file final-v3.txt (compact mmCIF, C-alpha atoms)
# COMPACT_ATOMS: atom_id res chain seq x y z
CA MET A 1 -47.94 -8.37 30.70
CA LYS A 2 -45.23 -10.74 31.87
CA ARG A 3 -45.24 -12.44 28.50
CA LEU A 4 -44.86 -9.10 26.72
CA LYS A 5 -41.84 -8.29 28.84
CA ILE A 6 -40.25 -11.63 27.97
CA ILE A 7 -40.91 -11.09 24.25
CA SER A 8 -39.51 -7.56 24.52
CA PHE A 9 -36.33 -8.82 26.16
CA TYR A 10 -36.02 -11.62 23.61
CA ASN A 11 -36.38 -9.16 20.76
CA ASN A 12 -33.87 -6.82 22.34
CA GLU A 13 -31.35 -9.63 22.67
CA LYS A 14 -31.96 -10.56 19.04
CA VAL A 15 -31.36 -6.96 17.96
CA LEU A 16 -28.25 -6.85 20.11
CA ILE A 17 -26.89 -10.02 18.52
CA ARG A 18 -27.70 -8.79 15.01
CA LYS A 19 -25.91 -5.51 15.67
CA ALA A 20 -22.93 -7.35 17.17
CA ILE A 21 -22.75 -9.51 14.04
CA LEU A 22 -22.63 -6.32 11.94
CA GLY A 23 -19.68 -5.18 14.06
CA HIS A 24 -21.33 -2.48 16.17
CA PRO A 25 -18.87 -1.95 19.07
CA ASN A 26 -21.60 -0.85 21.49
CA ALA A 27 -23.64 -4.01 20.92
CA GLN A 28 -20.55 -6.17 21.37
CA ARG A 29 -19.67 -4.29 24.53
CA ALA A 30 -23.23 -4.73 25.85
CA ILE A 31 -23.05 -8.50 25.33
CA TYR A 32 -19.68 -8.61 27.05
CA GLU A 33 -20.85 -6.52 30.02
CA LYS A 34 -23.90 -8.71 30.46
CA PHE A 35 -22.22 -12.11 30.41
CA ALA A 36 -18.53 -11.58 31.29
CA PRO A 37 -18.81 -11.90 35.13
CA LYS A 38 -20.81 -15.14 34.88
CA MET A 39 -18.45 -16.57 32.28
CA LEU A 40 -15.37 -15.72 34.30
CA GLY A 41 -17.01 -17.63 37.15
CA VAL A 42 -17.45 -20.63 34.84
CA CYS A 43 -13.84 -20.53 33.70
CA ARG A 44 -12.65 -20.16 37.28
CA GLN A 45 -14.39 -23.44 38.22
CA TYR A 46 -11.97 -25.28 35.92
CA ILE A 47 -8.86 -23.10 36.17
CA LYS A 48 -7.29 -22.45 39.55
CA ASP A 49 -5.41 -19.28 38.57
CA LEU A 50 -7.78 -16.34 38.08
CA HIS A 51 -5.50 -14.60 35.54
CA TYR A 52 -5.37 -17.69 33.36
CA ALA A 53 -9.12 -18.08 33.82
CA GLU A 54 -9.55 -14.52 32.55
CA ASP A 55 -7.30 -15.25 29.56
CA VAL A 56 -9.49 -18.22 28.73
CA MET A 57 -12.62 -16.11 29.12
CA ILE A 58 -11.16 -13.48 26.74
CA ASN A 59 -10.39 -16.14 24.12
CA GLY A 60 -13.88 -17.52 24.67
CA PHE A 61 -15.49 -14.13 24.01
CA VAL A 62 -13.38 -13.63 20.90
CA LYS A 63 -14.73 -16.97 19.66
CA VAL A 64 -18.25 -15.91 20.63
CA PHE A 65 -18.03 -12.73 18.51
CA LYS A 66 -16.35 -14.51 15.64
CA SER A 67 -18.93 -17.28 15.49
CA LEU A 68 -21.96 -15.16 16.36
CA ASN A 69 -23.32 -15.87 12.88
CA SER A 70 -23.64 -19.55 13.76
CA PHE A 71 -25.98 -18.90 16.69
CA ARG A 72 -29.41 -20.13 15.52
CA HIS A 73 -31.55 -18.69 18.35
CA GLU A 74 -32.75 -22.23 19.12
CA GLY A 75 -31.52 -22.37 22.74
CA SER A 76 -30.63 -19.65 25.20
CA PHE A 77 -27.88 -17.25 24.20
CA GLU A 78 -26.30 -17.51 27.65
CA GLY A 79 -26.23 -21.31 27.39
CA TRP A 80 -24.50 -21.02 24.01
CA ILE A 81 -21.83 -18.68 25.40
CA ARG A 82 -21.41 -20.90 28.48
CA GLN A 83 -20.83 -23.93 26.26
CA ILE A 84 -18.07 -22.07 24.42
CA MET A 85 -16.45 -21.09 27.73
CA VAL A 86 -16.54 -24.66 29.06
CA ARG A 87 -14.98 -26.04 25.89
CA GLU A 88 -12.35 -23.29 25.92
CA SER A 89 -11.47 -24.09 29.55
CA ILE A 90 -11.17 -27.82 28.86
CA SER A 91 -9.05 -27.09 25.80
CA TYR A 92 -6.78 -24.88 27.91
CA LEU A 93 -6.35 -27.51 30.59
CA ARG A 94 -5.60 -30.21 28.05
CA LYS A 95 -3.03 -28.03 26.32
CA LYS A 96 -1.26 -26.63 29.36
CA GLN A 97 -1.50 -29.44 31.80
CA PHE A 98 -1.03 -33.13 31.75
CA VAL A 99 -4.55 -34.42 32.33
CA VAL A 100 -4.75 -38.07 33.33
CA PHE A 101 -7.95 -40.06 33.37
CA ASP A 102 -7.13 -43.28 35.22
CA ASP A 103 -9.28 -46.18 34.20
CA ASP A 104 -9.20 -48.11 37.49
CA VAL A 105 -12.38 -50.05 37.97
CA CYS A 106 -14.38 -48.66 40.83
CA GLU A 107 -17.48 -49.79 42.61
CA TYR A 108 -20.05 -47.14 41.92
CA ASN A 109 -21.60 -47.20 45.35
CA THR A 110 -23.64 -44.26 46.41
CA PRO A 111 -21.40 -42.27 48.73
CA ASN A 112 -22.29 -41.88 52.34
CA GLN A 113 -24.48 -38.93 53.05
CA ILE A 114 -22.26 -36.00 53.83
CA THR A 115 -23.49 -33.50 56.26
CA PHE A 116 -23.08 -30.15 54.52
CA PRO A 117 -23.18 -26.72 56.07
CA SER A 118 -26.19 -24.70 54.95
CA SER A 119 -24.22 -21.44 54.65
CA ILE A 120 -21.25 -22.93 52.84
CA ASP A 121 -18.63 -20.52 51.59
CA ILE A 122 -18.23 -20.61 47.79
CA GLU A 123 -14.51 -19.95 48.14
CA TYR A 124 -14.21 -22.99 50.38
CA VAL A 125 -15.95 -25.28 47.90
CA GLN A 126 -13.88 -23.83 45.06
CA ARG A 127 -10.70 -24.60 47.00
CA LEU A 128 -11.86 -28.17 47.51
CA ILE A 129 -12.50 -28.56 43.79
CA ASP A 130 -9.22 -26.85 42.89
CA ASN A 131 -7.31 -29.45 44.87
CA LEU A 132 -8.80 -32.33 42.91
CA PRO A 133 -6.67 -33.91 40.18
CA GLU A 134 -7.43 -32.29 36.78
CA GLY A 135 -9.18 -35.37 35.35
CA TYR A 136 -11.46 -35.72 38.40
CA LYS A 137 -12.09 -32.02 38.54
CA MET A 138 -13.18 -31.70 34.89
CA VAL A 139 -15.63 -34.57 35.10
CA PHE A 140 -16.98 -33.43 38.47
CA VAL A 141 -17.59 -29.84 37.37
CA LEU A 142 -19.10 -30.91 34.04
CA TYR A 143 -21.41 -33.38 35.74
CA ALA A 144 -22.25 -31.79 39.08
CA ILE A 145 -22.24 -28.07 38.21
CA GLU A 146 -22.83 -27.82 34.46
CA GLY A 147 -25.26 -30.75 34.38
CA TYR A 148 -23.78 -32.67 31.42
CA LYS A 149 -24.54 -36.38 31.04
CA HIS A 150 -21.77 -38.99 31.11
CA SER A 151 -22.24 -39.64 27.40
CA GLU A 152 -21.73 -35.94 26.66
CA ILE A 153 -18.71 -35.72 28.97
CA ALA A 154 -17.21 -38.79 27.30
CA GLU A 155 -17.58 -37.13 23.91
CA MET A 156 -16.21 -33.79 25.08
CA LEU A 157 -13.16 -35.25 26.81
CA ASP A 158 -12.64 -38.03 24.32
CA ILE A 159 -12.95 -40.73 26.96
CA THR A 160 -15.30 -43.65 27.52
CA GLU A 161 -18.49 -43.29 29.50
CA SER A 162 -17.22 -45.71 32.16
CA THR A 163 -14.08 -43.61 32.57
CA SER A 164 -16.26 -40.56 33.09
CA LYS A 165 -18.27 -42.41 35.77
CA SER A 166 -15.08 -43.66 37.41
CA GLN A 167 -13.64 -40.11 37.49
CA LEU A 168 -16.82 -38.78 39.08
CA PHE A 169 -16.83 -41.50 41.73
CA LYS A 170 -13.23 -40.82 42.69
CA ALA A 171 -13.85 -37.09 42.78
CA ARG A 172 -16.81 -37.60 45.11
CA ARG A 173 -14.77 -39.86 47.43
CA LEU A 174 -11.92 -37.38 47.58
CA LEU A 175 -14.25 -34.49 48.32
CA GLN A 176 -16.00 -36.62 50.96
CA ASP A 177 -12.70 -37.36 52.66
CA LYS A 178 -11.75 -33.68 52.57
CA LEU A 179 -15.05 -32.65 54.07
CA LYS A 180 -14.71 -35.31 56.78
CA GLU A 181 -11.27 -33.94 57.65
CA GLN A 182 -12.69 -30.43 57.78
CA SER A 183 -15.61 -31.54 59.93
CA ILE A 184 -13.14 -33.21 62.34
CA LEU A 185 -11.31 -29.90 62.40
CA GLY A 186 -14.68 -28.31 63.06
CA TYR A 187 -15.65 -26.71 59.73
CA GLY A 188 -19.31 -26.58 58.90
CA THR A 189 -20.68 -29.69 60.57
CA HIS A 190 -24.38 -29.67 60.66
CA MET B 1 -25.84 -42.45 38.58
CA GLU B 2 -27.95 -39.59 39.77
CA PRO B 3 -26.48 -36.41 41.23
CA THR B 4 -26.29 -36.68 44.96
CA LYS B 5 -27.52 -34.15 47.48
CA PHE B 6 -23.93 -33.03 47.88
CA GLU B 7 -23.59 -32.33 44.17
CA ASN B 8 -26.91 -30.52 44.04
CA HIS B 9 -25.80 -28.40 46.97
CA ILE B 10 -22.57 -27.46 45.18
CA LYS B 11 -24.50 -26.67 42.02
CA GLU B 12 -26.79 -24.36 43.97
CA THR B 13 -23.76 -22.69 45.55
CA PHE B 14 -22.16 -21.97 42.17
CA LYS B 15 -25.41 -21.00 40.44
CA GLY B 16 -25.15 -17.26 40.81
CA SER B 17 -21.39 -17.09 41.12
CA GLU B 18 -19.89 -14.13 39.31
CA ILE B 19 -16.37 -12.75 39.18
CA LYS B 20 -15.76 -9.27 37.86
CA PRO B 21 -13.17 -9.29 35.07
CA SER B 22 -10.29 -6.80 35.02
CA GLU B 23 -10.68 -3.42 33.24
CA ASP B 24 -8.24 -4.44 30.53
CA ALA B 25 -10.20 -7.56 29.51
CA TRP B 26 -12.62 -5.80 27.14
CA ASN B 27 -9.81 -3.87 25.42
CA ARG B 28 -8.05 -7.14 24.72
CA ILE B 29 -11.19 -8.66 23.27
CA LYS B 30 -11.89 -5.50 21.23
CA GLY B 31 -8.36 -5.54 19.84
CA GLN B 32 -8.69 -9.14 18.70
CA ILE B 33 -12.12 -8.57 17.17
CA ARG B 34 -10.83 -5.51 15.30
CA ASN B 35 -7.95 -7.57 13.95
CA GLU B 36 -10.56 -9.99 12.69
CA TYR B 37 -12.47 -7.26 10.86
CA GLU B 38 -9.46 -5.37 9.50
CA PRO B 39 -8.13 -7.98 7.04
CA LYS B 40 -11.46 -7.87 5.20
CA ARG B 41 -11.22 -4.10 4.88
CA THR B 42 -7.62 -4.22 3.71
CA GLY B 43 -8.71 -6.90 1.24
CA TYR B 44 -11.25 -4.50 -0.25
CA PHE B 45 -8.65 -1.73 -0.12
CA ARG B 46 -6.20 -3.88 -2.07
CA TYR B 47 -8.87 -4.66 -4.63
CA GLY B 48 -9.48 -0.92 -4.93
CA ILE B 49 -5.80 -0.21 -5.50
CA ALA B 50 -5.58 -2.97 -8.11
CA ALA B 51 -8.69 -1.68 -9.89
CA GLY B 52 -7.31 1.87 -9.85
CA PHE B 53 -3.99 0.73 -11.25
CA ILE B 54 -5.70 -1.20 -14.06
CA GLY B 55 -7.86 1.84 -14.79
CA ILE B 56 -4.83 4.11 -15.03
CA LEU B 57 -3.12 1.54 -17.27
CA ILE B 58 -6.11 1.37 -19.63
CA LEU B 59 -6.45 5.16 -19.69
CA SER B 60 -2.76 5.61 -20.45
CA VAL B 61 -2.92 3.04 -23.26
CA LEU B 62 -6.01 4.74 -24.69
CA TYR B 63 -4.36 8.14 -24.36
CA PHE B 64 -1.21 7.12 -26.21
CA THR B 65 -3.00 5.19 -28.93
CA THR B 66 -5.46 8.02 -29.62
CA ASP B 67 -2.55 10.45 -29.56
CA ASP B 68 -0.91 8.44 -32.37
CA ALA B 69 -4.07 8.53 -34.43
CA THR B 70 -4.58 12.25 -33.99
CA LEU B 71 -0.92 12.89 -34.78
CA ASN B 72 -1.17 10.94 -37.99
CA GLN B 73 -4.29 12.86 -38.85
CA GLU B 74 -2.55 16.12 -38.11
CA VAL B 75 0.35 15.21 -40.40
CA GLN B 76 -2.04 14.28 -43.16
CA VAL B 77 -4.04 17.44 -42.75
CA ALA B 78 -0.90 19.52 -42.73
CA ALA B 79 0.40 17.83 -45.87
CA LYS B 80 -2.72 18.08 -47.99
CA PRO B 81 -3.26 21.82 -48.37
CA SER B 82 0.37 22.48 -49.33
CA THR B 83 -0.02 21.78 -53.06
CA PRO B 84 -3.13 23.87 -53.77
CA PHE B 85 -1.72 26.58 -51.61
CA VAL B 86 1.48 26.70 -53.61
CA ASP B 87 -0.52 26.73 -56.83
CA LYS B 88 -2.58 29.57 -55.57
CA GLU B 89 0.56 31.42 -54.58
CA LYS B 90 2.05 30.84 -58.02
CA GLU B 91 -1.08 32.19 -59.70
CA GLU B 92 -1.01 35.25 -57.53
CA LEU B 93 2.63 35.87 -58.37
CA LEU B 94 2.01 35.46 -62.10
CA LYS B 95 -0.73 38.05 -61.90
CA THR B 96 2.06 40.60 -61.09
CA PRO B 97 0.41 42.08 -58.09
CA ALA B 98 0.38 45.75 -57.20
CA PRO B 99 2.79 47.06 -54.54
CA GLU B 100 -0.03 47.04 -51.95
CA GLU B 101 -0.63 43.36 -52.61
CA GLU B 102 3.02 42.65 -52.04
CA SER B 103 2.58 43.00 -48.32
CA VAL B 104 -0.37 40.62 -48.49
CA ILE B 105 1.75 38.07 -50.32
CA THR B 106 4.54 38.35 -47.79
CA ALA B 107 1.95 37.97 -45.05
CA VAL B 108 0.62 34.88 -46.79
CA GLU B 109 4.16 33.55 -47.13
CA ASP B 110 4.76 34.21 -43.47
CA SER B 111 1.62 32.36 -42.54
CA TYR B 112 2.62 29.57 -44.87
CA GLU B 113 6.00 29.38 -43.20
CA ALA B 114 4.28 29.43 -39.84
CA ASP B 115 2.09 26.55 -40.99
CA GLU B 116 5.13 24.67 -42.13
CA GLU B 117 6.83 25.24 -38.81
CA LYS B 118 3.70 24.03 -37.08
CA SER B 119 3.55 20.91 -39.17
CA THR B 120 7.22 20.18 -38.68
CA THR B 121 6.96 20.69 -34.95
CA VAL B 122 4.17 18.10 -34.65
CA PRO B 123 6.55 15.12 -34.66
CA LYS B 124 8.56 16.80 -31.87
CA LYS B 125 5.55 16.40 -29.59
CA GLU B 126 5.62 12.70 -30.23
CA SER B 127 7.31 10.79 -27.47
CA LYS B 128 6.72 7.26 -28.55
CA ARG B 129 9.75 5.37 -29.67
CA GLU B 130 8.19 3.77 -32.73
CA LEU B 131 7.09 7.04 -34.15
CA VAL B 132 10.49 8.54 -33.51
CA ILE B 133 12.07 5.67 -35.39
CA SER B 134 9.70 6.11 -38.33
CA GLU B 135 10.31 9.86 -38.28
CA ASP B 136 14.06 9.23 -38.34
CA ALA B 137 13.59 6.87 -41.27
CA LYS B 138 11.58 9.46 -43.11
CA LEU B 139 14.15 12.15 -42.43
CA ALA B 140 16.95 9.87 -43.57
CA ASN B 141 14.99 9.12 -46.71
CA ALA B 142 14.40 12.80 -47.33
CA GLU B 143 18.06 13.60 -46.75
CA GLU B 144 19.07 10.88 -49.18
CA LEU B 145 16.68 12.24 -51.72
CA GLN B 146 17.95 15.73 -51.07
CA ASN B 147 21.55 14.64 -51.64
CA ASN B 148 20.62 12.84 -54.83
CA ALA B 149 18.66 15.82 -55.93
CA SER B 150 21.47 18.26 -55.19
CA GLU B 151 23.91 16.15 -57.20
CA GLY B 152 21.70 16.01 -60.23
CA SER B 153 20.07 19.35 -59.77
CA ASN B 154 23.18 21.44 -60.52
CA GLU B 155 22.95 20.51 -64.14
CA GLU B 156 19.20 20.99 -64.14
CA ILE B 157 19.58 24.37 -62.49
CA ASP B 158 21.93 25.49 -65.23
CA THR B 159 19.54 24.39 -67.91
CA LYS B 160 16.62 26.00 -66.13
CA ILE B 161 18.56 29.25 -65.74
CA ALA B 162 19.18 29.17 -69.44
CA GLU B 163 15.50 28.59 -70.07
CA VAL B 164 14.49 31.42 -67.76
CA LEU B 165 17.01 33.73 -69.45
CA ALA B 166 15.66 32.80 -72.83
CA ARG B 167 12.12 33.60 -71.72
CA VAL B 168 13.21 36.88 -70.14
CA ASN B 169 15.08 37.84 -73.29
CA ALA B 170 12.07 36.92 -75.37
CA LEU B 171 9.82 39.06 -73.22
CA GLU B 172 12.31 41.96 -73.27
CA ALA B 173 12.62 41.62 -77.02
CA ASN B 174 8.87 42.28 -77.15
CA ASN B 175 9.59 45.56 -75.30
CA LYS B 176 8.05 44.34 -72.07
CA GLU B 177 9.59 45.65 -68.89
CA LEU B 178 9.87 42.78 -66.37
CA THR B 179 9.62 43.45 -62.67
CA ASP B 180 11.61 41.59 -60.06
CA LEU B 181 8.45 39.79 -58.95
CA GLU B 182 7.84 38.48 -62.43
CA VAL B 183 11.38 37.22 -62.61
CA ASP B 184 10.91 35.62 -59.21
CA SER B 185 7.74 33.91 -60.34
CA LEU B 186 9.57 32.50 -63.35
CA LEU B 187 12.34 31.31 -61.11
CA ARG B 188 9.80 29.70 -58.75
CA GLN B 189 8.20 27.91 -61.63
CA ALA B 190 11.61 26.60 -62.65
CA GLN B 191 12.17 25.53 -59.06
CA LYS B 192 8.89 23.60 -59.07
CA GLU B 193 9.85 21.83 -62.23
CA ILE B 194 13.22 20.83 -60.75
CA LEU B 195 11.53 19.51 -57.61
CA ALA B 196 9.00 17.57 -59.63
CA GLN B 197 11.82 16.08 -61.66
CA ASN B 198 13.66 15.04 -58.54
CA LEU B 199 10.64 13.16 -57.26
CA LEU B 200 10.97 10.63 -60.02
CA ASN B 201 13.79 8.12 -60.03
CA SER B 202 16.26 7.79 -62.85
CA ASP B 203 14.10 4.96 -64.29
CA ASN B 204 11.10 7.25 -64.25
CA LYS B 205 9.43 4.90 -61.78
CA VAL B 206 7.57 6.22 -58.78
CA ASN B 207 9.07 4.78 -55.62
CA PRO B 208 6.59 4.30 -52.71
CA SER B 209 9.17 5.56 -50.25
CA THR B 210 9.66 8.60 -52.49
CA LEU B 211 5.96 9.27 -52.43
CA LEU B 212 5.99 8.85 -48.68
CA SER B 213 8.81 11.29 -48.35
CA GLN B 214 7.17 13.68 -50.78
CA VAL B 215 5.25 15.21 -47.98
CA GLU B 216 8.41 15.66 -45.98
CA GLU B 217 10.21 17.13 -48.91
CA GLU B 218 7.46 19.55 -49.72
CA LEU B 219 7.60 20.69 -46.18
CA ASP B 220 11.33 21.13 -46.31
CA GLN B 221 11.47 24.83 -46.91
CA SER B 222 15.23 25.08 -46.62
CA PHE B 223 15.74 22.71 -49.52
CA ARG B 224 13.30 24.67 -51.64
CA ASP B 225 14.94 27.90 -50.67
CA GLN B 226 18.30 26.43 -51.49
CA ILE B 227 17.20 25.62 -55.07
CA PHE B 228 15.52 28.95 -55.43
CA GLU B 229 18.61 30.78 -54.23
CA LYS B 230 20.77 28.81 -56.61
CA LEU B 231 18.46 29.66 -59.48
CA ARG B 232 18.40 33.29 -58.51
CA SER B 233 22.16 33.62 -58.05
CA GLY B 234 22.78 31.76 -61.32
CA TYR B 235 20.34 34.00 -63.11
CA ASN B 236 21.92 37.14 -61.65
CA LYS B 237 25.41 35.94 -62.56
CA VAL B 238 24.37 35.26 -66.14
CA ARG B 239 22.57 38.59 -66.37
CA THR B 240 25.58 40.53 -65.10
CA ALA B 241 27.91 38.57 -67.38
CA VAL B 242 25.73 39.34 -70.38
CA ALA B 243 25.48 42.98 -69.35
CA ASP B 244 29.26 43.23 -68.95
CA ARG B 245 29.79 41.60 -72.32
CA ASN B 246 27.36 44.05 -73.97
CA ASN B 247 29.09 46.98 -72.36
call {"tool": "encode", "arguments": {"input": "final-v3.txt", "output": "structure tokens"}}
result
Amino acid sequence: MKRLKIISFYNNEKVLIRKAILGHPNAQRAIYEKFAPKMLGVCRQYIKDLHYAEDVMINGFVKVFKSLNSFRHEGSFEGWIRQIMVRESISYLRKKQFVVFDDDVCEYNTPNQITFPSSIDIEYVQRLIDNLPEGYKMVFVLYAIEGYKHSEIAEMLDITESTSKSQLFKARRLLQDKLKEQSILGYGTH
Amino acid sequence: MEPTKFENHIKETFKGSEIKPSEDAWNRIKGQIRNEYEPKRTGYFRYGIAAGFIGILILSVLYFTTDDATLNQEVQVAAKPSTPFVDKEKEELLKTPAPEEESVITAVEDSYEADEEKSTTVPKKESKRELVISEDAKLANAEELQNNASEGSNEEIDTKIAEVLARVNALEANNKELTDLEVDSLLRQAQKEILAQNLLNSDNKVNPSTLLSQVEEELDQSFRDQIFEKLRSGYNKVRTAVADRNN
């Protein structure tokens, strides 16, 4: 029964995509309604300003509908859209802002265990990430939230793998320091 | 370098994060997608316009070329029956028809004139420049021929009048009363002979342009009438002069 439901949903999504390819406005709208809130969340992780994040999401959806033919139904449709949004966000940041990836050699020690509040506010974490330098932020989000490997990040950002690792290490340290400050001030110590 | 607990915690926090886009966002996407689809449609539309234009061009070319062909056919058809018709008319006149038949003859003449008008009006329908030029050339040729004919025909007319008079006198000498129609038929015959003479050049060679203009000339009723009138007036003058002298 469960399997039938999954097949039914899969078929429905396929039909939806086929109709969207043919230019049916309702199918396109349905795809947008289903994935837009999640994708705006993805774009917001990279872009501090929500309006710019929305602009990026809009461009991303335009690309999704334009290149819908190239979707091979091999992976998940949501994953495919998410990938487009991530690339669009990175492209925006690289165009609009001066992104620096410093290549200082770091010791990749495992950071000290940070005590983290169990009911952490998403807005608070987002603010912490927003305050990271753009290079650190991109690598951190790609690695920690999106789950990309360093080799993939290196290819996406056109940097070396060691640079990617270095950026992640620095991002962690900065976030650790921020959280320590906050815990001194009394936020979310556990 | 494995993700730390801290990173896993952040990942879990962001897992279900959603932000509702503004109302305008979909309209902006829709507008850009429509722009993407529209150029293809306008492309097809342009192809349609081009195809239509080519179609109209081909149709117009076909129309004008076929019009030429039909016009030429019409001219040929109009030219052909003129000779047998005139012969028939001449035969009818020589038969000295009864007064009732006179109206029939005039009706036939009227229809003949109408036919001639029809055939002469055909070139007026023609709008193509080439045909107009060729028509002008033909007319010029006919006019030239007419002028040449009128110069030489005065002498011929006089001789023909004399011939007609001689024949009339011969018939009257045999105590035959000639009607006006009979006299007219004789005069028409003389007119035919003059026209036939004019068709040939002074060297008695048949000129192709003359043959070409023959049709035009045959259709030129005014020229024929002119010769006929000259013959008639000359004949009347001679007749009255002879009558006066006898008196």
call {"tool": "residues_near_point", "arguments": {"input": "final-v3.txt", "point": "(-20.9, -15.1, 38.6)", "cutoff": "10 Å", "atoms": "only C-alpha atoms", "output": "MDAnalysis selection string"}}
result
(chainID A and resid 35:42 44) or (chainID B and resid 14:20)
call {"tool": "residues_around", "arguments": {"input": "final-v3.txt", "residues": "segment 164-171 of chain B", "least_positions_apart": "2", "cutoff": "9 Å", "atoms": "only C-alpha atoms", "output": "list in words"}}
result
Thr159, Lys160, Ile161, Ala162, Ala173, Asn174, Asn175, Lys176, Glu177, Leu178, Val183, Leu186, Leu187, Ala190, Tyr235, Val238 and Arg239 of chain B
call {"tool": "write_last_selection", "arguments": {"input": "final-v3.txt", "atoms": "C-alpha atoms", "output": "tab-separated table (two decimals), keeping the file's coordinate frame"}}
result
chain	number	residue	atom	x	y	z
B	159	THR	CA	19.54	24.39	-67.91
B	160	LYS	CA	16.62	26.00	-66.13
B	161	ILE	CA	18.56	29.25	-65.74
B	162	ALA	CA	19.18	29.17	-69.44
B	173	ALA	CA	12.62	41.62	-77.02
B	174	ASN	CA	8.87	42.28	-77.15
B	175	ASN	CA	9.59	45.56	-75.30
B	176	LYS	CA	8.05	44.34	-72.07
B	177	GLU	CA	9.59	45.65	-68.89
B	178	LEU	CA	9.87	42.78	-66.37
B	183	VAL	CA	11.38	37.22	-62.61
B	186	LEU	CA	9.57	32.50	-63.35
B	187	LEU	CA	12.34	31.31	-61.11
B	190	ALA	CA	11.61	26.60	-62.65
B	235	TYR	CA	20.34	34.00	-63.11
B	238	VAL	CA	24.37	35.26	-66.14
B	239	ARG	CA	22.57	38.59	-66.37
call {"tool": "interface_residues", "arguments": {"input": "final-v3.txt", "of": "chain B", "to": "chain A", "cutoff": "12 Å", "atoms": "all atoms listed in the file", "output": "JSON, numbers by chain"}}
result
{"B": [1, 2, 3, 4, 5, 6, 7, 8, 9, 10, 11, 12, 13, 14, 15, 16, 17, 18, 19, 20, 21, 22, 23, 24, 25, 26, 27, 28, 29, 30, 31, 32, 33, 34, 35, 36, 37, 38]}
call {"tool": "atom_distance", "arguments": {"input": "final-v3.txt", "atom1": "atom CA of Leu128 of chain A", "atom2": "atom CA of Ile81 of chain A"}}
result
26.0 Å
call {"tool": "atom_distance", "arguments": {"input": "final-v3.txt", "atom1": "atom CA of Ile157 of chain B", "atom2": "atom CA of Gln226 of chain B"}}
result
11.3 Å
call {"tool": "residues_near_point", "arguments": {"input": "final-v3.txt", "point": "(15.9, 29.3, -57.6)", "cutoff": "9 Å", "atoms": "only C-alpha atoms", "output": "PDB file with C-alpha atoms, keeping the file's coordinate frame"}}
result
ATOM      1  CA  ILE B 157      19.580  24.370 -62.490  1.00  0.00           C
ATOM      2  CA  ILE B 161      18.560  29.250 -65.740  1.00  0.00           C
ATOM      3  CA  ASP B 184      10.910  35.620 -59.210  1.00  0.00           C
ATOM      4  CA  LEU B 187      12.340  31.310 -61.110  1.00  0.00           C
ATOM      5  CA  ARG B 188       9.800  29.700 -58.750  1.00  0.00           C
ATOM      6  CA  GLN B 189       8.200  27.910 -61.630  1.00  0.00           C
ATOM      7  CA  ALA B 190      11.610  26.600 -62.650  1.00  0.00           C
ATOM      8  CA  GLN B 191      12.170  25.530 -59.060  1.00  0.00           C
ATOM      9  CA  ARG B 224      13.300  24.670 -51.640  1.00  0.00           C
ATOM     10  CA  ASP B 225      14.940  27.900 -50.670  1.00  0.00           C
ATOM     11  CA  GLN B 226      18.300  26.430 -51.490  1.00  0.00           C
ATOM     12  CA  ILE B 227      17.200  25.620 -55.070  1.00  0.00           C
ATOM     13  CA  PHE B 228      15.520  28.950 -55.430  1.00  0.00           C
ATOM     14  CA  GLU B 229      18.610  30.780 -54.230  1.00  0.00           C
ATOM     15  CA  LYS B 230      20.770  28.810 -56.610  1.00  0.00           C
ATOM     16  CA  LEU B 231      18.460  29.660 -59.480  1.00  0.00           C
ATOM     17  CA  ARG B 232      18.400  33.290 -58.510  1.00  0.00           C
ATOM     18  CA  SER B 233      22.160  33.620 -58.050  1.00  0.00           C
ATOM     19  CA  GLY B 234      22.780  31.760 -61.320  1.00  0.00           C
ATOM     20  CA  TYR B 235      20.340  34.000 -63.110  1.00  0.00           C
TER      21      TYR B 235
END
call {"tool": "atom_distance", "arguments": {"input": "final-v3.txt", "atom1": "atom CA of Lys180 of chain A", "atom2": "atom CA of Glu134 of chain A"}}
result
21.5 Å
call {"tool": "closest_residue", "arguments": {"input": "final-v3.txt", "among": "A:His24, A:Arg82, A:Arg72, A:Lys170", "to": "Leu132 of chain A", "atoms": "all atoms listed in the file"}}
result
A:Lys170
call {"tool": "closest_residue", "arguments": {"input": "final-v3.txt", "among": "A:Leu93, A:Ala27, A:Met138, A:Ile17", "to": "Glu78 of chain A", "atoms": "only C-alpha atoms"}}
result
A:Ile17
call {"tool": "closest_residue", "arguments": {"input": "final-v3.txt", "among": "A:Ile159, A:Val56, A:Leu16, A:Leu174", "to": "Ser89 of chain A", "atoms": "all atoms listed in the file"}}
result
A:Val56
